[in-house]
Amino acid sequence: VVGGTVNVGTSSGNTIGETTGTGSFTVIGGALRMNVSGIYITGTGTVDCRNNNIGSITSANVNTAFSTNFYGINNTATAGITTIRGNTIGSASTPNSINSSSISSASPQSVFGISNTSVITLTISNNTIANLNNSSTNITTTTRGRIAGISSTNGTNIVTNNIIHNLSNANANGASNETASVCGIGLAGAGFLKTVIGNTIYNLSNSYTSFTGYVIGLYFAGSTGGNTVSENFIHSLSAANGSSAGNLCGIRIVSGTTTYSNNIISYGGDT
């Protein structure tokens with residue numbers, strides 16, 4: 001979507017891939033690092049993206065020196081207003097519905113349900129993002145192999161009533177910020193107001209055996225105005241057995257004048 005006032009799925013949602021199963025189609029890169037997007041929004045218009053299904057997709061790379069990044073919905077709009085609502089990315093029940101299967105040990109690989117790098121006002125609500133997997137196997141802590149349900153590095157963000165679960169990673173990424181190995185919702189861009197209400201985030205994991213990085217339910221950097229983080233339910237975060245230096249954070253507070261209220265965080269099990 002490169003411009004104009006555009007509705008994507010508002011009257012009848014599109015299906016990209018399948019709603020069940022795995023590997024309904026596979027995108028394989030070759031000599032270079034590659035990006036794959038289910039829906040890519042750019043330009044300067046008003047875009048309403050609703051009711052779409054993106055799942056059963058495998059991305060890969062035949063060159064073990066390079067990786068393939070995956071974006072379910074990727075917003076890089078330079079102006080306008082974008083609404084992303086009621087979409088399903090991955091599958092509520094099928095494991096590894098979206099699987100970025102490159103196994104590069106050198107090139108950082110990212111998997112995002114919804115990604116935003118734009119300074120616009122963005123509403124992300126009532127989406128289901130589930131059963132996404134990043135298979136990269138890098139063993140270097142400074143190589144940022146990562147997975148995030150929702151990632152936004154800019155703009156005024158309204159993030160409400162999303163369900164994010166079963167995000168998995170298996171590499172050594174040691175970052176503690178929004179580029180952490182696993183992040184349910186990662187919101188950077190400290191100069192902008194943010195509202196985060198009523199989201200459910202669970203079953204986030206990193207299975208790298210000597211993991212020293214972070215698994216984060218909600219990473220939050222907001223402005224000095226009145227941000228709100230409330231009524232979010234975050235539970236069941238885990239790292240591999242033996243990774244005693246790994247870190248689990250329900251909410252990682254970085255910046256902003258913010259009211260945090262009525263959030264529930266439960267690591268679960270014998271964590």
# chains A, B, ... in the order shown; residues from 1 in each chain; ligands from 1

$ residues_around --residues "Ser97 in chain A" --least-positions-apart "5" --cutoff "10 Å" --atoms "only C-alpha atoms" --output "ChimeraX atom specification"
/A:17-24,54-58,89-92,130-133

$ write_last_selection --atoms "N, CA and C atoms" --output "PDB file, in the first residue's frame"
ATOM      1  N   GLY A  17      -1.739 -16.963   2.720  1.00  0.00           N
ATOM      2  CA  GLY A  17      -1.343 -18.261   3.235  1.00  0.00           C
ATOM      3  C   GLY A  17      -2.574 -19.057   3.605  1.00  0.00           C
ATOM      4  N   GLU A  18      -2.602 -19.593   4.827  1.00  0.00           N
ATOM      5  CA  GLU A  18      -3.741 -20.365   5.319  1.00  0.00           C
ATOM      6  C   GLU A  18      -3.940 -20.070   6.807  1.00  0.00           C
ATOM      7  N   THR A  19      -5.126 -20.375   7.296  1.00  0.00           N
ATOM      8  CA  THR A  19      -5.421 -20.160   8.714  1.00  0.00           C
ATOM      9  C   THR A  19      -5.028 -21.353   9.575  1.00  0.00           C
ATOM     10  N   THR A  20      -4.747 -22.491   8.959  1.00  0.00           N
ATOM     11  CA  THR A  20      -4.301 -23.672   9.692  1.00  0.00           C
ATOM     12  C   THR A  20      -3.129 -24.304   8.947  1.00  0.00           C
ATOM     13  N   GLY A  21      -2.457 -25.246   9.606  1.00  0.00           N
ATOM     14  CA  GLY A  21      -1.346 -25.943   8.971  1.00  0.00           C
ATOM     15  C   GLY A  21      -0.098 -25.092   8.908  1.00  0.00           C
ATOM     16  N   THR A  22       0.934 -25.654   8.273  1.00  0.00           N
ATOM     17  CA  THR A  22       2.213 -24.956   8.106  1.00  0.00           C
ATOM     18  C   THR A  22       2.666 -25.071   6.667  1.00  0.00           C
ATOM     19  N   GLY A  23       3.449 -24.102   6.232  1.00  0.00           N
ATOM     20  CA  GLY A  23       4.103 -24.178   4.935  1.00  0.00           C
ATOM     21  C   GLY A  23       3.183 -24.151   3.729  1.00  0.00           C
ATOM     22  N   SER A  24       2.052 -23.429   3.831  1.00  0.00           N
ATOM     23  CA  SER A  24       1.195 -23.324   2.643  1.00  0.00           C
ATOM     24  C   SER A  24       1.947 -22.646   1.507  1.00  0.00           C
ATOM     25  N   ILE A  54      -3.065 -14.015   8.136  1.00  0.00           N
ATOM     26  CA  ILE A  54      -1.735 -14.232   7.569  1.00  0.00           C
ATOM     27  C   ILE A  54      -1.108 -15.396   8.329  1.00  0.00           C
ATOM     28  N   GLY A  55      -0.926 -16.538   7.676  1.00  0.00           N
ATOM     29  CA  GLY A  55      -0.395 -17.688   8.389  1.00  0.00           C
ATOM     30  C   GLY A  55       0.046 -18.801   7.478  1.00  0.00           C
ATOM     31  N   SER A  56       0.561 -19.861   8.074  1.00  0.00           N
ATOM     32  CA  SER A  56       1.066 -21.027   7.349  1.00  0.00           C
ATOM     33  C   SER A  56       2.113 -20.622   6.317  1.00  0.00           C
ATOM     34  N   ILE A  57       3.100 -19.838   6.786  1.00  0.00           N
ATOM     35  CA  ILE A  57       4.136 -19.292   5.906  1.00  0.00           C
ATOM     36  C   ILE A  57       5.506 -19.666   6.467  1.00  0.00           C
ATOM     37  N   THR A  58       6.377 -20.131   5.590  1.00  0.00           N
ATOM     38  CA  THR A  58       7.759 -20.406   5.951  1.00  0.00           C
ATOM     39  C   THR A  58       8.665 -19.504   5.129  1.00  0.00           C
ATOM     40  N   ILE A  89      -2.430 -13.089  12.823  1.00  0.00           N
ATOM     41  CA  ILE A  89      -1.107 -13.315  12.247  1.00  0.00           C
ATOM     42  C   ILE A  89      -0.538 -14.554  12.911  1.00  0.00           C
ATOM     43  N   GLY A  90      -0.332 -15.593  12.113  1.00  0.00           N
ATOM     44  CA  GLY A  90       0.004 -16.903  12.643  1.00  0.00           C
ATOM     45  C   GLY A  90      -1.256 -17.716  12.810  1.00  0.00           C
ATOM     46  N   SER A  91      -1.353 -18.435  13.912  1.00  0.00           N
ATOM     47  CA  SER A  91      -2.512 -19.286  14.174  1.00  0.00           C
ATOM     48  C   SER A  91      -2.723 -19.410  15.675  1.00  0.00           C
ATOM     49  N   ALA A  92      -3.962 -19.402  16.095  1.00  0.00           N
ATOM     50  CA  ALA A  92      -4.253 -19.569  17.517  1.00  0.00           C
ATOM     51  C   ALA A  92      -3.914 -20.967  18.005  1.00  0.00           C
ATOM     52  N   ALA A 130       0.090 -15.221  17.064  1.00  0.00           N
ATOM     53  CA  ALA A 130       0.374 -16.444  17.812  1.00  0.00           C
ATOM     54  C   ALA A 130       1.111 -17.468  16.963  1.00  0.00           C
ATOM     55  N   ASN A 131       1.945 -18.260  17.649  1.00  0.00           N
ATOM     56  CA  ASN A 131       2.662 -19.378  17.042  1.00  0.00           C
ATOM     57  C   ASN A 131       3.587 -18.917  15.921  1.00  0.00           C
ATOM     58  N   LEU A 132       4.477 -17.984  16.305  1.00  0.00           N
ATOM     59  CA  LEU A 132       5.542 -17.508  15.436  1.00  0.00           C
ATOM     60  C   LEU A 132       6.871 -18.033  15.973  1.00  0.00           C
ATOM     61  N   ASN A 133       7.778 -18.403  15.074  1.00  0.00           N
ATOM     62  CA  ASN A 133       9.046 -18.988  15.483  1.00  0.00           C
ATOM     63  C   ASN A 133      10.201 -18.392  14.686  1.00  0.00           C
TER      64      ASN A 133
END

$ residues_around --residues "Ile41 in chain A" --least-positions-apart "5" --cutoff "10 Å" --atoms "only C-alpha atoms" --output "VMD selection string"
chain A and resid 1 to 3 6 47 49 73 to 78 82 116

$ write_last_selection --atoms "N, CA and C atoms" --output "PDB file, in the first residue's frame"
ATOM      1  N   VAL A   1       0.868  -1.169   0.000  1.00  0.00           N
ATOM      2  CA  VAL A   1       0.000   0.000   0.000  1.00  0.00           C
ATOM      3  C   VAL A   1       0.907   1.222   0.000  1.00  0.00           C
ATOM      4  N   VAL A   2       0.978   1.936  -1.128  1.00  0.00           N
ATOM      5  CA  VAL A   2       1.976   2.992  -1.289  1.00  0.00           C
ATOM      6  C   VAL A   2       1.392   4.392  -1.244  1.00  0.00           C
ATOM      7  N   GLY A   3       0.065   4.549  -1.102  1.00  0.00           N
ATOM      8  CA  GLY A   3      -0.491   5.886  -0.997  1.00  0.00           C
ATOM      9  C   GLY A   3      -2.000   5.864  -1.050  1.00  0.00           C
ATOM     10  N   VAL A   6      -6.918   3.936   1.805  1.00  0.00           N
ATOM     11  CA  VAL A   6      -7.052   2.541   1.396  1.00  0.00           C
ATOM     12  C   VAL A   6      -7.623   1.713   2.541  1.00  0.00           C
ATOM     13  N   VAL A  47      -4.851   4.528   6.127  1.00  0.00           N
ATOM     14  CA  VAL A  47      -4.984   3.109   5.830  1.00  0.00           C
ATOM     15  C   VAL A  47      -5.700   2.408   6.983  1.00  0.00           C
ATOM     16  N   CYS A  49      -6.552  -1.334   8.060  1.00  0.00           N
ATOM     17  CA  CYS A  49      -6.187  -2.727   7.765  1.00  0.00           C
ATOM     18  C   CYS A  49      -6.854  -3.614   8.808  1.00  0.00           C
ATOM     19  N   ILE A  73       2.526  -7.752   9.332  1.00  0.00           N
ATOM     20  CA  ILE A  73       2.082  -6.452   8.821  1.00  0.00           C
ATOM     21  C   ILE A  73       3.178  -5.458   9.137  1.00  0.00           C
ATOM     22  N   ASN A  74       3.684  -4.787   8.109  1.00  0.00           N
ATOM     23  CA  ASN A  74       4.822  -3.893   8.244  1.00  0.00           C
ATOM     24  C   ASN A  74       4.401  -2.483   7.866  1.00  0.00           C
ATOM     25  N   ASN A  75       4.420  -1.553   8.829  1.00  0.00           N
ATOM     26  CA  ASN A  75       4.007  -0.170   8.575  1.00  0.00           C
ATOM     27  C   ASN A  75       5.212   0.761   8.632  1.00  0.00           C
ATOM     28  N   THR A  76       5.504   1.401   7.498  1.00  0.00           N
ATOM     29  CA  THR A  76       6.584   2.386   7.438  1.00  0.00           C
ATOM     30  C   THR A  76       6.073   3.709   6.873  1.00  0.00           C
ATOM     31  N   ALA A  77       4.763   3.955   6.967  1.00  0.00           N
ATOM     32  CA  ALA A  77       4.149   5.146   6.377  1.00  0.00           C
ATOM     33  C   ALA A  77       4.823   6.419   6.880  1.00  0.00           C
ATOM     34  N   THR A  78       5.005   7.384   5.974  1.00  0.00           N
ATOM     35  CA  THR A  78       5.701   8.623   6.325  1.00  0.00           C
ATOM     36  C   THR A  78       4.746   9.704   6.818  1.00  0.00           C
ATOM     37  N   THR A  82      -2.779   5.219  10.417  1.00  0.00           N
ATOM     38  CA  THR A  82      -2.920   3.791  10.134  1.00  0.00           C
ATOM     39  C   THR A  82      -3.639   3.108  11.291  1.00  0.00           C
ATOM     40  N   ASN A 116       6.183  -1.436  13.277  1.00  0.00           N
ATOM     41  CA  ASN A 116       5.995  -0.031  12.903  1.00  0.00           C
ATOM     42  C   ASN A 116       7.278   0.745  13.144  1.00  0.00           C
TER      43      ASN A 116
END

$ residues_around --residues "range 157-171 of chain A" --least-positions-apart "5" --cutoff "8 Å" --atoms "only C-alpha atoms" --output "number ranges by chain"
A: 95, 121-139, 145-149, 152, 181-182, 184, 192-208, 211

$ residues_around --residues "Asn63 in chain A" --least-positions-apart "6" --cutoff "12 Å" --atoms "only C-alpha atoms" --output "list of chain:residue names"
A:Ile28, A:Gly29, A:Gly30, A:Ala31, A:Leu32, A:Arg33, A:Met34, A:Ser101, A:Ser102, A:Ile103, A:Ser104, A:Ser105, A:Ala106, A:Ser107

$ select_by_dssp --residues "range 155-188 of chain A" --states "strand (DSSP E or B)" --output "ChimeraX atom specification"
/A:156-160,163-169,182-187

$ write_last_selection --atoms "N, CA and C atoms" --output "tab-separated table (two decimals), in the first residue's frame"
chain	number	residue	atom	x	y	z
A	156	THR	N	2.92	7.94	17.86
A	156	THR	CA	1.93	7.82	18.92
A	156	THR	C	1.22	6.50	18.77
A	157	ASN	N	1.33	5.63	19.75
A	157	ASN	CA	0.84	4.26	19.65
A	157	ASN	C	-0.33	4.03	20.60
A	158	ILE	N	-1.41	3.47	20.08
A	158	ILE	CA	-2.56	3.03	20.87
A	158	ILE	C	-2.67	1.53	20.67
A	159	VAL	N	-2.31	0.77	21.68
A	159	VAL	CA	-2.18	-0.69	21.57
A	159	VAL	C	-3.13	-1.31	22.58
A	160	THR	N	-4.25	-1.87	22.11
A	160	THR	CA	-5.29	-2.33	23.03
A	160	THR	C	-5.86	-3.68	22.61
A	163	ILE	N	-4.11	-10.15	21.57
A	163	ILE	CA	-3.73	-11.42	22.18
A	163	ILE	C	-2.47	-11.92	21.48
A	164	ILE	N	-1.41	-12.09	22.26
A	164	ILE	CA	-0.10	-12.48	21.71
A	164	ILE	C	0.40	-13.68	22.50
A	165	HIS	N	0.67	-14.77	21.81
A	165	HIS	CA	1.16	-15.95	22.55
A	165	HIS	C	1.96	-16.88	21.65
A	166	ASN	N	2.73	-17.73	22.30
A	166	ASN	CA	3.56	-18.74	21.64
A	166	ASN	C	4.51	-18.11	20.62
A	167	LEU	N	5.41	-17.29	21.15
A	167	LEU	CA	6.52	-16.74	20.37
A	167	LEU	C	7.79	-17.41	20.85
A	168	SER	N	8.57	-17.97	19.93
A	168	SER	CA	9.74	-18.74	20.33
A	168	SER	C	10.98	-18.35	19.54
A	169	ASN	N	12.11	-18.47	20.22
A	169	ASN	CA	13.41	-18.11	19.65
A	169	ASN	C	14.44	-19.07	20.22
A	182	VAL	N	13.16	-12.05	22.72
A	182	VAL	CA	11.72	-12.30	22.64
A	182	VAL	C	11.00	-11.15	23.33
A	183	CYS	N	10.01	-10.58	22.66
A	183	CYS	CA	9.27	-9.45	23.22
A	183	CYS	C	7.82	-9.56	22.77
A	184	GLY	N	6.91	-9.65	23.72
A	184	GLY	CA	5.50	-9.68	23.34
A	184	GLY	C	5.09	-8.40	22.65
A	185	ILE	N	5.27	-7.27	23.35
A	185	ILE	CA	5.05	-5.94	22.80
A	185	ILE	C	6.28	-5.11	23.13
A	186	GLY	N	6.93	-4.53	22.13
A	186	GLY	CA	8.09	-3.69	22.32
A	186	GLY	C	7.84	-2.31	21.77
A	187	LEU	N	7.75	-1.30	22.65
A	187	LEU	CA	7.44	0.07	22.25
A	187	LEU	C	8.60	0.98	22.63

$ residues_around --residues "Tyr214 in chain A" --least-positions-apart "3" --cutoff "7 Å" --atoms "only C-alpha atoms" --output "MDAnalysis selection string"
chainID A and resid 174:176 180:182 246:248
